[in-house]
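As provided, query-v4.txt (compact mmCIF, C-alpha atoms and all ligand atoms) reads as follows.
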# COMPACT_ATOMS: atom_id res chain seq x y z
CA MET A 9 1.96 10.18 -19.67
CA ALA A 10 1.74 7.18 -22.03
CA ALA A 11 -1.32 4.94 -21.78
CA LEU A 12 -1.03 1.39 -20.50
CA ALA A 13 -1.06 -1.30 -23.19
CA THR A 14 -4.24 -2.70 -21.67
CA THR A 15 -6.32 -0.34 -19.58
CA PRO A 16 -7.36 -2.20 -16.43
CA VAL A 17 -11.08 -2.35 -15.69
CA ARG A 18 -12.07 -0.17 -12.76
CA ALA A 19 -14.93 -1.11 -10.49
CA ARG A 20 -16.17 0.79 -7.46
CA VAL A 21 -16.72 -0.43 -3.92
CA LEU A 22 -18.93 1.96 -1.97
CA GLY A 23 -17.92 4.61 -4.49
CA ILE A 24 -14.17 4.05 -4.11
CA PRO A 25 -12.34 2.90 -7.28
CA VAL A 26 -10.51 -0.42 -7.44
CA ASN A 27 -8.88 -2.15 -10.40
CA VAL A 28 -10.25 -5.53 -11.41
CA SER A 29 -7.14 -7.58 -12.05
CA ASN A 30 -5.72 -10.93 -11.13
CA ASP A 31 -2.13 -10.00 -11.93
CA VAL A 32 -1.26 -6.85 -10.06
CA PHE A 33 2.48 -7.48 -10.46
CA ARG A 34 2.21 -7.52 -14.26
CA ASP A 35 0.04 -4.38 -14.13
CA ALA A 36 2.54 -2.60 -11.87
CA VAL A 37 5.49 -3.40 -14.15
CA ALA A 38 3.43 -2.21 -17.14
CA LEU A 39 2.59 0.98 -15.24
CA HIS A 40 6.29 1.58 -14.59
CA GLY A 41 6.94 1.20 -18.32
CA ALA A 42 4.13 3.63 -19.11
CA GLY A 43 5.63 6.44 -17.02
CA GLY A 44 4.72 5.33 -13.52
CA GLY A 45 2.17 6.51 -10.98
CA GLN A 46 0.71 5.86 -7.58
CA ILE A 47 -0.43 2.41 -6.42
CA VAL A 48 -2.98 2.23 -3.60
CA THR A 49 -3.69 -0.97 -1.64
CA LEU A 50 -7.38 -0.87 -0.74
CA ASN A 51 -8.98 -2.69 2.17
CA ALA A 52 -12.30 -2.29 3.96
CA GLU A 53 -10.95 0.03 6.67
CA MET A 54 -9.40 2.31 4.07
CA THR A 55 -12.58 2.32 1.96
CA MET A 56 -14.56 3.62 4.93
CA ALA A 57 -11.82 6.13 5.78
CA ALA A 58 -11.84 7.42 2.19
CA ARG A 59 -15.60 8.02 2.34
CA ALA A 60 -15.10 10.23 5.38
CA ASP A 61 -11.83 11.94 4.36
CA PRO A 62 -11.94 13.92 1.08
CA ALA A 63 -8.11 14.16 0.86
CA LEU A 64 -7.73 10.37 1.06
CA GLY A 65 -10.67 9.91 -1.36
CA ALA A 66 -9.02 12.28 -3.86
CA ALA A 67 -5.65 10.49 -3.57
CA ILE A 68 -7.27 7.12 -4.30
CA GLU A 69 -9.29 8.60 -7.17
CA ALA A 70 -6.11 10.01 -8.73
CA ALA A 71 -4.03 6.83 -8.25
CA ARG A 72 -3.16 4.94 -11.46
CA MET A 73 -3.64 1.55 -9.76
CA VAL A 74 -5.82 0.52 -6.81
CA ILE A 75 -5.36 -3.11 -5.81
CA PRO A 76 -7.74 -5.26 -3.71
CA ASP A 77 -5.59 -5.72 -0.61
CA GLY A 78 -8.32 -6.90 1.74
CA ALA A 79 -10.75 -9.84 1.84
CA GLY A 80 -13.64 -7.40 2.36
CA VAL A 81 -12.92 -5.60 -0.92
CA VAL A 82 -12.64 -8.95 -2.77
CA TRP A 83 -16.02 -9.98 -1.30
CA ALA A 84 -17.63 -6.67 -2.28
CA LEU A 85 -16.30 -7.06 -5.85
CA ALA A 86 -17.64 -10.63 -6.02
CA ARG A 87 -21.11 -9.27 -5.22
CA GLN A 88 -20.74 -7.25 -8.44
CA SER A 89 -19.67 -10.43 -10.31
CA HIS A 90 -16.00 -9.34 -10.47
CA ARG A 91 -13.97 -12.37 -9.42
CA VAL A 92 -10.50 -11.33 -8.26
CA ARG A 93 -7.88 -12.81 -5.99
CA ARG A 94 -6.86 -10.90 -2.89
CA SER A 95 -3.57 -9.10 -3.57
CA PRO A 96 -1.89 -8.11 -0.30
CA GLY A 97 0.13 -4.92 -0.75
CA ILE A 98 3.03 -6.34 1.27
CA GLU A 99 3.41 -9.17 -1.28
CA LEU A 100 3.23 -6.89 -4.33
CA ALA A 101 5.76 -4.52 -2.71
CA HIS A 102 8.18 -7.40 -2.09
CA ARG A 103 7.82 -8.74 -5.64
CA LEU A 104 8.55 -5.25 -6.94
CA LEU A 105 11.68 -5.09 -4.78
CA GLU A 106 12.83 -8.45 -6.23
CA HIS A 107 12.14 -7.14 -9.74
CA ALA A 108 13.99 -3.91 -8.89
CA ALA A 109 17.05 -5.89 -7.77
CA MET A 110 17.06 -7.91 -11.00
CA HIS A 111 16.55 -4.96 -13.33
CA GLY A 112 18.67 -2.27 -11.70
CA TRP A 113 15.72 -0.13 -10.65
CA ARG A 114 16.49 2.77 -8.33
CA VAL A 115 14.61 2.19 -5.08
CA ALA A 116 13.64 4.63 -2.31
CA LEU A 117 12.24 3.77 1.11
CA VAL A 118 10.39 6.34 3.21
CA GLY A 119 8.88 5.82 6.65
CA ALA A 120 8.81 3.59 9.75
CA SER A 121 10.86 4.15 12.90
CA PRO A 122 14.59 5.01 12.77
CA ALA A 123 15.46 1.53 14.16
CA VAL A 124 13.31 -0.25 11.56
CA MET A 125 14.78 1.83 8.72
CA ASP A 126 18.35 1.09 9.91
CA ARG A 127 17.63 -2.64 9.90
CA LEU A 128 16.02 -2.52 6.47
CA ARG A 129 18.86 -0.56 4.94
CA ASP A 130 21.24 -3.34 6.05
CA ARG A 131 19.00 -6.31 5.48
CA LEU A 132 17.30 -5.68 2.13
CA PRO A 133 20.45 -5.43 -0.06
CA HIS A 134 21.72 -8.57 1.71
CA ASP A 135 18.48 -10.50 1.02
CA LEU A 136 18.11 -9.09 -2.50
CA PRO A 137 21.56 -8.89 -4.10
CA GLY A 138 21.79 -6.11 -6.67
CA LEU A 139 19.18 -3.95 -4.94
CA LYS A 140 19.99 -0.28 -5.55
CA LEU A 141 18.76 1.74 -2.57
CA VAL A 142 19.15 5.37 -3.62
CA PHE A 143 17.25 7.06 -0.80
CA CYS A 144 16.19 5.87 2.68
CA VAL A 145 14.62 8.04 5.38
CA HIS A 146 12.63 7.12 8.47
CA GLY A 147 9.15 8.52 9.03
CA TYR A 148 9.64 10.50 12.23
CA GLN A 149 11.29 13.60 10.76
CA PRO A 150 10.49 17.06 12.12
CA ALA A 151 7.94 18.91 9.95
CA GLU A 152 10.54 21.38 8.66
CA ALA A 153 12.74 18.55 7.31
CA TRP A 154 10.16 17.18 4.86
CA PRO A 155 10.30 19.77 2.03
CA GLY A 156 14.08 19.31 1.66
CA LEU A 157 13.81 15.52 1.85
CA GLU A 158 11.07 15.54 -0.78
CA ARG A 159 13.27 17.59 -3.15
CA GLN A 160 16.21 15.19 -2.60
CA LEU A 161 13.98 12.19 -3.20
CA LEU A 162 12.61 13.56 -6.49
CA GLN A 163 16.15 14.41 -7.63
CA CYS A 164 17.10 10.73 -7.16
CA ARG A 165 14.65 9.84 -9.99
CA PRO A 166 13.56 6.61 -8.28
CA ASP A 167 11.87 3.79 -10.19
CA LEU A 168 10.15 2.50 -7.06
CA VAL A 169 9.26 4.37 -3.86
CA LEU A 170 7.76 2.44 -0.94
CA VAL A 171 6.18 4.69 1.69
CA ALA A 172 5.41 3.43 5.21
CA LEU A 173 3.77 6.39 6.94
CA GLY A 174 0.40 4.77 7.71
CA VAL A 175 -3.01 5.45 6.17
CA PRO A 176 -4.02 8.14 5.16
CA ARG A 177 -0.76 10.07 5.40
CA GLN A 178 1.23 7.88 3.03
CA GLU A 179 -1.43 8.16 0.28
CA THR A 180 -1.94 11.92 0.59
CA TRP A 181 1.81 12.57 0.94
CA ILE A 182 2.49 10.78 -2.34
CA GLN A 183 -0.37 12.52 -4.12
CA GLU A 184 0.73 15.98 -3.03
CA LEU A 185 4.27 15.64 -4.38
CA PRO A 186 4.85 17.65 -7.56
CA GLU A 187 4.47 15.97 -10.97
CA PRO A 188 6.06 14.59 -13.04
CA ARG A 189 7.37 12.08 -10.57
CA GLY A 190 8.05 9.02 -12.75
CA GLY A 191 8.38 5.57 -11.19
CA LEU A 192 5.99 3.62 -8.98
CA TRP A 193 4.92 5.16 -5.66
CA MET A 194 3.18 2.90 -3.20
CA GLY A 195 1.99 3.19 0.41
CA VAL A 196 2.95 0.03 2.31
CA GLY A 197 1.63 0.59 5.87
CA GLY A 198 3.36 -1.73 8.33
CA SER A 199 5.36 -3.71 5.71
CA PHE A 200 8.75 -2.30 6.80
CA ASP A 201 7.99 -3.40 10.39
CA VAL A 202 7.31 -6.94 9.11
CA TRP A 203 10.37 -7.11 6.81
CA SER A 204 12.65 -5.86 9.59
CA GLY A 205 11.33 -8.58 11.93
CA VAL A 206 9.79 -6.11 14.40
CA LYS A 207 6.24 -7.30 13.66
CA LYS A 208 4.81 -10.57 12.34
CA ARG A 209 2.13 -11.06 9.71
CA ALA A 210 -0.92 -13.09 10.68
CA PRO A 211 -0.40 -16.83 10.10
CA ALA A 212 -1.54 -18.11 6.70
CA TRP A 213 -4.45 -20.09 8.19
CA MET A 214 -5.92 -16.86 9.57
CA GLY A 215 -5.60 -15.31 6.12
CA ALA A 216 -7.41 -18.32 4.63
CA LEU A 217 -10.21 -17.89 7.17
CA ARG A 218 -10.28 -14.15 6.41
CA ILE A 219 -9.66 -13.25 10.03
CA GLU A 220 -6.33 -11.43 9.73
CA TRP A 221 -8.12 -8.46 11.30
CA LEU A 222 -8.52 -10.54 14.49
CA TYR A 223 -4.76 -11.18 14.65
CA ARG A 224 -4.07 -7.46 14.32
CA LEU A 225 -6.66 -6.65 16.96
CA VAL A 226 -5.09 -9.08 19.45
CA LYS A 227 -1.55 -7.80 18.72
CA GLU A 228 -2.52 -4.13 18.62
CA PRO A 229 -5.66 -3.67 20.76
CA ARG A 230 -5.38 0.12 20.36
CA ARG A 231 -6.71 -0.43 16.79
CA TRP A 232 -10.18 -1.42 18.06
CA ARG A 233 -11.75 1.94 17.24
CA ARG A 234 -10.40 1.91 13.66
CA MET A 235 -11.69 -1.63 13.28
CA LEU A 236 -15.26 -0.62 13.94
CA ALA A 237 -15.07 0.35 10.26
CA LEU A 238 -15.16 -3.37 9.33
CA PRO A 239 -18.74 -4.18 10.38
CA ALA A 240 -19.78 -0.75 9.06
CA PHE A 241 -18.20 -1.67 5.69
CA ALA A 242 -19.98 -5.05 5.56
CA TRP A 243 -23.30 -3.45 6.42
CA ALA A 244 -22.89 -0.71 3.80
CA VAL A 245 -21.95 -3.27 1.10
CA LEU A 246 -24.95 -5.47 1.97
CA ARG A 247 -27.26 -2.47 1.76
CA GLU A 248 -25.77 -1.24 -1.53
CA ARG A 249 -27.98 -2.03 -4.52
CA ARG A 250 -26.43 -4.49 -6.91
N1 LIG B 301 4.86 5.77 10.82
C1 LIG B 301 5.83 6.72 10.48
N2 LIG B 301 5.66 8.01 10.89
C2 LIG B 301 4.58 8.41 11.60
C3 LIG B 301 3.57 7.46 11.92
C4 LIG B 301 3.74 6.13 11.51
O1 LIG B 301 6.81 6.38 9.84
O2 LIG B 301 4.49 9.60 11.93
C5 LIG B 301 5.06 4.39 10.39
C6 LIG B 301 5.01 3.38 11.51
O3 LIG B 301 6.27 3.33 12.19
C7 LIG B 301 4.68 2.11 10.74
C8 LIG B 301 3.82 2.63 9.59
O4 LIG B 301 4.00 4.03 9.55
O5 LIG B 301 5.87 1.54 10.23
C9 LIG B 301 2.32 2.42 9.76
O6 LIG B 301 2.03 1.12 10.00
P1 LIG B 301 0.54 0.63 10.28
O7 LIG B 301 0.63 -0.83 10.45
O8 LIG B 301 -0.09 1.44 11.38
O9 LIG B 301 -0.13 1.00 8.89
P2 LIG B 301 -1.63 1.26 8.50
O10 LIG B 301 -2.46 0.23 9.23
O11 LIG B 301 -1.96 2.66 8.91
O12 LIG B 301 -1.60 1.08 7.03
Mind turning this structure into structure tokens?
Ligand code: UDP
Amino acid sequence: MAALATTPVRARVLGIPVNVSNDVFRDAVALHGAGGGQIVTLNAEMTMAARADPALGAAIEAARMVIPDGAGVVWALARQSHRVRRSPGIELAHRLLEHAAMHGWRVALVGASPAVMDRLRDRLPHDLPGLKLVFCVHGYQPAEAWPGLERQLLQCRPDLVLVALGVPRQETWIQELPEPRGGLWMGVGGSFDVWSGVKKRAPAWMGALRIEWLYRLVKEPRRWRRMLALPAFAWAVLRERR
């Protein structure tokens, strides 16, 4: 695989790699040009999950790009004197879709509920004229369907594959697919639910106050256990030696 023109600096937050960059879109387009690879969107919850789950840790380690998706990761980087902007994965994924529509990239969508996928398949080409959707499958397939779907997907030679299967499955699923894959492969969590109108993102003012987690907790109280990772992350970062 060809090297990127400029190799992004990699820092580590609690041992988990993250690229230090303020232009993740430019980096992603450069990565596509250099043969492609996996993009991971790192937040505090995922950092803690990766420390406890070797398969997720290995997928992040092997990814070509890891972007600071969460305010906690940006804060932890700042403590190491790396000043970066927060780069929400949902925004990078959408910019890549716009770029794909303009440049004739072949796009694949994997994951979310059947109803969400149906809506996206209709809505995205309407919102982004020129978008070439070459493969779309929802994420609730029976186990025996996946190997065949994976073969079909790879045969489509996609330039961009957005995968909404939730953390950690989306990251490990991408990493376990056979190489060479070509194109950009990115886990996007609940982005399809937001783009289809089924879920809303936290209002911008909550993002500015860095309390998007509170919005998610109120909307999806079942996430409370997962969210205990947030204070644990803050505590671990504060205890980490500079
Ligand atoms: N999902 C899926 N198949 C599954 C489990 C989940 O396609 O077996 C989808 C789910 O419908 C949602 C996305 O994965 O669209 C996960 O969204 P979530 O907001 O939970 O993402 P996370 O916080 O895990 O990144």
Name all residues at most 12 Å from Asp61 of chain A (count all atoms listed in the file; drop same-chain ones fewer than 4 positions away) and give them as a ChimeraX atom specification.
/A:24,54-57,65-68,175-177,179-180
Now that the selection is made, can you save its residues with C-alpha atoms as a compact mmCIF listing (two decimals), keeping the file's coordinate frame?
# COMPACT_ATOMS: atom_id res chain seq x y z
CA ILE A 24 -14.17 4.05 -4.11
CA MET A 54 -9.40 2.31 4.07
CA THR A 55 -12.58 2.32 1.96
CA MET A 56 -14.56 3.62 4.93
CA ALA A 57 -11.82 6.13 5.78
CA GLY A 65 -10.67 9.91 -1.36
CA ALA A 66 -9.02 12.28 -3.86
CA ALA A 67 -5.65 10.49 -3.57
CA ILE A 68 -7.27 7.12 -4.30
CA VAL A 175 -3.01 5.45 6.17
CA PRO A 176 -4.02 8.14 5.16
CA ARG A 177 -0.76 10.07 5.40
CA GLU A 179 -1.43 8.16 0.28
CA THR A 180 -1.94 11.92 0.59
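In terms of minimum interatomic distance to ligand LIG 301 (chain B), A:Pro96 ranks closest within A:Pro96, A:Gly45, A:Gly112, A:Pro155, counting all atoms listed in the file.
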Residue nearest ligand LIG 301 (chain B) among A:Leu173, A:Met125, A:Leu22, A:Ile47 (counting all atoms listed in the file):
A:Leu173
Report the distance between atom CA of Ala52 of chain A and atom CA of Gly78 of chain A in Å, rounded to one decimal place.
6.5 Å
How would you write, as a PyMOL selection string, the set of residues no farther than 10 Å from ligand LIG 301 (chain B) when counting all atoms listed in the file?
chain A and resi 49-51+53-54+97+118-125+145-150+171-179+195-202+206-207+224+228+231+234
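Of the listed residues (A:Ala240, A:Val142, A:Val245, A:Leu192), A:Val245 comes nearest to Gly23 of chain A; the distances count all atoms listed in the file.
Minimum distance to Leu139 of chain A across A:Leu162, A:Met110, A:Leu64, A:Ile219 (counting all atoms listed in the file) occurs at A:Met110.
Among the candidate residues A:Val21, A:Ala212, A:Leu236, A:Ala244, the one lying nearest to Ala84 of chain A is A:Val21, with distances computed using only C-alpha atoms.
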Neighbouring residues of Arg94 of chain A were defined as those with any atom within 10 Å, considering only C-alpha atoms; residues of the same chain fewer than 3 positions away were excluded. Please report them as a PyMOL selection string.
chain A and resi 29-30+32+51+75-83+91+97
Can I get the selected residues back with C-alpha atoms, as a PDB file, in the coordinates of the input?
ATOM      1  CA  SER A  29      -7.140  -7.580 -12.050  1.00  0.00           C
ATOM      2  CA  ASN A  30      -5.720 -10.930 -11.130  1.00  0.00           C
ATOM      3  CA  VAL A  32      -1.260  -6.850 -10.060  1.00  0.00           C
ATOM      4  CA  ASN A  51      -8.980  -2.690   2.170  1.00  0.00           C
ATOM      5  CA  ILE A  75      -5.360  -3.110  -5.810  1.00  0.00           C
ATOM      6  CA  PRO A  76      -7.740  -5.260  -3.710  1.00  0.00           C
ATOM      7  CA  ASP A  77      -5.590  -5.720  -0.610  1.00  0.00           C
ATOM      8  CA  GLY A  78      -8.320  -6.900   1.740  1.00  0.00           C
ATOM      9  CA  ALA A  79     -10.750  -9.840   1.840  1.00  0.00           C
ATOM     10  CA  GLY A  80     -13.640  -7.400   2.360  1.00  0.00           C
ATOM     11  CA  VAL A  81     -12.920  -5.600  -0.920  1.00  0.00           C
ATOM     12  CA  VAL A  82     -12.640  -8.950  -2.770  1.00  0.00           C
ATOM     13  CA  TRP A  83     -16.020  -9.980  -1.300  1.00  0.00           C
ATOM     14  CA  ARG A  91     -13.970 -12.370  -9.420  1.00  0.00           C
ATOM     15  CA  GLY A  97       0.130  -4.920  -0.750  1.00  0.00           C
TER      16      GLY A  97
END
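Note that the spacing between atom CA of Arg72 of chain A and atom CA of His40 of chain A amounts to 10.5 Å.
Interatomic distance, atom CA of Glu99 of chain A to atom CA of Pro25 of chain A: 20.7 Å.
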Write out as a PyMOL selection string each polymer residue whose atoms come within 8 Å of Gln46 of chain A, counting only C-alpha atoms; drop sequence neighbours fewer than 2 positions from it.
chain A and resi 44+48+71-73+182-183+192-194
Go through A:Leu132, A:Ala108, A:Leu117, A:Leu185 and flag the residue nearest Gly205 of chain A, using all atoms listed in the file for the distances.
A:Leu132
As AutoDock Vina command-line options, please report the centre and edge lengths, rounded to one decimal in Å, of the axis-aligned box that holds all listed atoms of segment 223-241 of chain A with 4 Å of padding on each of the six sides.
--center_x -10.7 --center_y -4.6 --center_z 13.2 --size_x 26.2 --size_y 21.1 --size_z 23.1
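Within 12 Å of the point (8.6, 11.0, -13.5) in file coordinates, and counting only C-alpha atoms, lie the residues Met9, Ala10, Leu39, His40, Gly41, Ala42, Gly43, Gly44, Gly45, Gln46, Leu161, Leu162, Gln163, Cys164, Arg165, Pro166, Asp167, Leu168, Val169, Leu185, Pro186, Glu187, Pro188, Arg189, Gly190, Gly191, Leu192 and Trp193 of chain A.
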Please produce an output containing C-alpha atoms for each residue in the selection, written as an mmCIF file, in the coordinates of the input.
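The resulting result_4.cif:
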data_model
loop_
_atom_site.group_PDB
_atom_site.id
_atom_site.type_symbol
_atom_site.label_atom_id
_atom_site.label_comp_id
_atom_site.auth_asym_id
_atom_site.auth_seq_id
_atom_site.Cartn_x
_atom_site.Cartn_y
_atom_site.Cartn_z
ATOM 1 C CA MET A 9 1.960 10.180 -19.670
ATOM 2 C CA ALA A 10 1.740 7.180 -22.030
ATOM 3 C CA LEU A 39 2.590 0.980 -15.240
ATOM 4 C CA HIS A 40 6.290 1.580 -14.590
ATOM 5 C CA GLY A 41 6.940 1.200 -18.320
ATOM 6 C CA ALA A 42 4.130 3.630 -19.110
ATOM 7 C CA GLY A 43 5.630 6.440 -17.020
ATOM 8 C CA GLY A 44 4.720 5.330 -13.520
ATOM 9 C CA GLY A 45 2.170 6.510 -10.980
ATOM 10 C CA GLN A 46 0.710 5.860 -7.580
ATOM 11 C CA LEU A 161 13.980 12.190 -3.200
ATOM 12 C CA LEU A 162 12.610 13.560 -6.490
ATOM 13 C CA GLN A 163 16.150 14.410 -7.630
ATOM 14 C CA CYS A 164 17.100 10.730 -7.160
ATOM 15 C CA ARG A 165 14.650 9.840 -9.990
ATOM 16 C CA PRO A 166 13.560 6.610 -8.280
ATOM 17 C CA ASP A 167 11.870 3.790 -10.190
ATOM 18 C CA LEU A 168 10.150 2.500 -7.060
ATOM 19 C CA VAL A 169 9.260 4.370 -3.860
ATOM 20 C CA LEU A 185 4.270 15.640 -4.380
ATOM 21 C CA PRO A 186 4.850 17.650 -7.560
ATOM 22 C CA GLU A 187 4.470 15.970 -10.970
ATOM 23 C CA PRO A 188 6.060 14.590 -13.040
ATOM 24 C CA ARG A 189 7.370 12.080 -10.570
ATOM 25 C CA GLY A 190 8.050 9.020 -12.750
ATOM 26 C CA GLY A 191 8.380 5.570 -11.190
ATOM 27 C CA LEU A 192 5.990 3.620 -8.980
ATOM 28 C CA TRP A 193 4.920 5.160 -5.660
#
Would you kindly place N, CA and C atoms on segment 25-54 of chain A and return the model as a PDB file, in the frame of the given file?
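Everything below was put into result27.pdb:
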ATOM      1  N   PRO A  25     -12.781   3.693  -6.130  1.00  0.00           N
ATOM      2  CA  PRO A  25     -12.340   2.900  -7.280  1.00  0.00           C
ATOM      3  C   PRO A  25     -11.390   1.776  -6.883  1.00  0.00           C
ATOM      4  N   VAL A  26     -11.475   0.677  -7.630  1.00  0.00           N
ATOM      5  CA  VAL A  26     -10.510  -0.420  -7.440  1.00  0.00           C
ATOM      6  C   VAL A  26     -10.368  -1.150  -8.774  1.00  0.00           C
ATOM      7  N   ASN A  27      -9.120  -1.463  -9.126  1.00  0.00           N
ATOM      8  CA  ASN A  27      -8.880  -2.150 -10.400  1.00  0.00           C
ATOM      9  C   ASN A  27      -9.276  -3.611 -10.293  1.00  0.00           C
ATOM     10  N   VAL A  28      -9.891  -4.115 -11.364  1.00  0.00           N
ATOM     11  CA  VAL A  28     -10.250  -5.530 -11.410  1.00  0.00           C
ATOM     12  C   VAL A  28      -9.142  -6.236 -12.161  1.00  0.00           C
ATOM     13  N   SER A  29      -8.286  -6.921 -11.414  1.00  0.00           N
ATOM     14  CA  SER A  29      -7.140  -7.580 -12.050  1.00  0.00           C
ATOM     15  C   SER A  29      -6.727  -8.757 -11.199  1.00  0.00           C
ATOM     16  N   ASN A  30      -6.246  -9.801 -11.878  1.00  0.00           N
ATOM     17  CA  ASN A  30      -5.720 -10.930 -11.130  1.00  0.00           C
ATOM     18  C   ASN A  30      -4.208 -11.001 -11.214  1.00  0.00           C
ATOM     19  N   ASP A  31      -3.593 -10.002 -11.842  1.00  0.00           N
ATOM     20  CA  ASP A  31      -2.130 -10.000 -11.930  1.00  0.00           C
ATOM     21  C   ASP A  31      -1.612  -8.590 -11.668  1.00  0.00           C
ATOM     22  N   VAL A  32      -1.623  -8.226 -10.410  1.00  0.00           N
ATOM     23  CA  VAL A  32      -1.260  -6.850 -10.060  1.00  0.00           C
ATOM     24  C   VAL A  32       0.231  -6.598 -10.292  1.00  0.00           C
ATOM     25  N   PHE A  33       1.044  -7.653 -10.204  1.00  0.00           N
ATOM     26  CA  PHE A  33       2.480  -7.480 -10.460  1.00  0.00           C
ATOM     27  C   PHE A  33       2.707  -7.091 -11.920  1.00  0.00           C
ATOM     28  N   ARG A  34       2.071  -7.840 -12.829  1.00  0.00           N
ATOM     29  CA  ARG A  34       2.210  -7.520 -14.260  1.00  0.00           C
ATOM     30  C   ARG A  34       1.717  -6.094 -14.528  1.00  0.00           C
ATOM     31  N   ASP A  35       0.588  -5.732 -13.921  1.00  0.00           N
ATOM     32  CA  ASP A  35       0.040  -4.380 -14.130  1.00  0.00           C
ATOM     33  C   ASP A  35       1.010  -3.315 -13.610  1.00  0.00           C
ATOM     34  N   ALA A  36       1.634  -3.597 -12.454  1.00  0.00           N
ATOM     35  CA  ALA A  36       2.540  -2.600 -11.870  1.00  0.00           C
ATOM     36  C   ALA A  36       3.777  -2.413 -12.750  1.00  0.00           C
ATOM     37  N   VAL A  37       4.318  -3.515 -13.278  1.00  0.00           N
ATOM     38  CA  VAL A  37       5.490  -3.400 -14.150  1.00  0.00           C
ATOM     39  C   VAL A  37       5.111  -2.647 -15.420  1.00  0.00           C
ATOM     40  N   ALA A  38       3.900  -2.922 -15.941  1.00  0.00           N
ATOM     41  CA  ALA A  38       3.430  -2.210 -17.140  1.00  0.00           C
ATOM     42  C   ALA A  38       3.268  -0.718 -16.822  1.00  0.00           C
ATOM     43  N   LEU A  39       2.767  -0.426 -15.632  1.00  0.00           N
ATOM     44  CA  LEU A  39       2.590   0.980 -15.240  1.00  0.00           C
ATOM     45  C   LEU A  39       3.945   1.687 -15.166  1.00  0.00           C
ATOM     46  N   HIS A  40       4.940   1.001 -14.637  1.00  0.00           N
ATOM     47  CA  HIS A  40       6.290   1.580 -14.590  1.00  0.00           C
ATOM     48  C   HIS A  40       6.756   1.922 -16.005  1.00  0.00           C
ATOM     49  N   GLY A  41       6.527   0.990 -16.930  1.00  0.00           N
ATOM     50  CA  GLY A  41       6.940   1.200 -18.320  1.00  0.00           C
ATOM     51  C   GLY A  41       6.174   2.324 -18.993  1.00  0.00           C
ATOM     52  N   ALA A  42       4.973   2.600 -18.492  1.00  0.00           N
ATOM     53  CA  ALA A  42       4.130   3.630 -19.110  1.00  0.00           C
ATOM     54  C   ALA A  42       4.326   4.997 -18.441  1.00  0.00           C
ATOM     55  N   GLY A  43       5.362   5.128 -17.618  1.00  0.00           N
ATOM     56  CA  GLY A  43       5.630   6.440 -17.020  1.00  0.00           C
ATOM     57  C   GLY A  43       5.407   6.491 -15.527  1.00  0.00           C
ATOM     58  N   GLY A  44       4.839   5.418 -14.973  1.00  0.00           N
ATOM     59  CA  GLY A  44       4.720   5.330 -13.520  1.00  0.00           C
ATOM     60  C   GLY A  44       3.454   5.969 -12.970  1.00  0.00           C
ATOM     61  N   GLY A  45       3.343   5.941 -11.652  1.00  0.00           N
ATOM     62  CA  GLY A  45       2.170   6.510 -10.980  1.00  0.00           C
ATOM     63  C   GLY A  45       2.009   5.892  -9.603  1.00  0.00           C
ATOM     64  N   GLN A  46       0.944   6.310  -8.954  1.00  0.00           N
ATOM     65  CA  GLN A  46       0.710   5.860  -7.580  1.00  0.00           C
ATOM     66  C   GLN A  46      -0.086   4.556  -7.555  1.00  0.00           C
ATOM     67  N   ILE A  47       0.304   3.662  -6.648  1.00  0.00           N
ATOM     68  CA  ILE A  47      -0.430   2.410  -6.420  1.00  0.00           C
ATOM     69  C   ILE A  47      -1.013   2.469  -5.014  1.00  0.00           C
ATOM     70  N   VAL A  48      -2.320   2.231  -4.905  1.00  0.00           N
ATOM     71  CA  VAL A  48      -2.980   2.230  -3.600  1.00  0.00           C
ATOM     72  C   VAL A  48      -3.427   0.804  -3.297  1.00  0.00           C
ATOM     73  N   THR A  49      -3.282   0.382  -2.046  1.00  0.00           N
ATOM     74  CA  THR A  49      -3.690  -0.970  -1.640  1.00  0.00           C
ATOM     75  C   THR A  49      -4.948  -0.833  -0.784  1.00  0.00           C
ATOM     76  N   LEU A  50      -6.089  -1.176  -1.388  1.00  0.00           N
ATOM     77  CA  LEU A  50      -7.380  -0.870  -0.740  1.00  0.00           C
ATOM     78  C   LEU A  50      -7.888  -2.025   0.109  1.00  0.00           C
ATOM     79  N   ASN A  51      -8.260  -1.708   1.343  1.00  0.00           N
ATOM     80  CA  ASN A  51      -8.980  -2.690   2.170  1.00  0.00           C
ATOM     81  C   ASN A  51     -10.248  -2.025   2.716  1.00  0.00           C
ATOM     82  N   ALA A  52     -10.996  -2.787   3.500  1.00  0.00           N
ATOM     83  CA  ALA A  52     -12.300  -2.290   3.960  1.00  0.00           C
ATOM     84  C   ALA A  52     -12.148  -1.043   4.843  1.00  0.00           C
ATOM     85  N   GLU A  53     -11.158  -1.091   5.736  1.00  0.00           N
ATOM     86  CA  GLU A  53     -10.950   0.030   6.670  1.00  0.00           C
ATOM     87  C   GLU A  53     -10.643   1.311   5.891  1.00  0.00           C
ATOM     88  N   MET A  54      -9.814   1.150   4.860  1.00  0.00           N
ATOM     89  CA  MET A  54      -9.400   2.310   4.070  1.00  0.00           C
ATOM     90  C   MET A  54     -10.565   2.830   3.212  1.00  0.00           C
TER      91      MET A  54
END
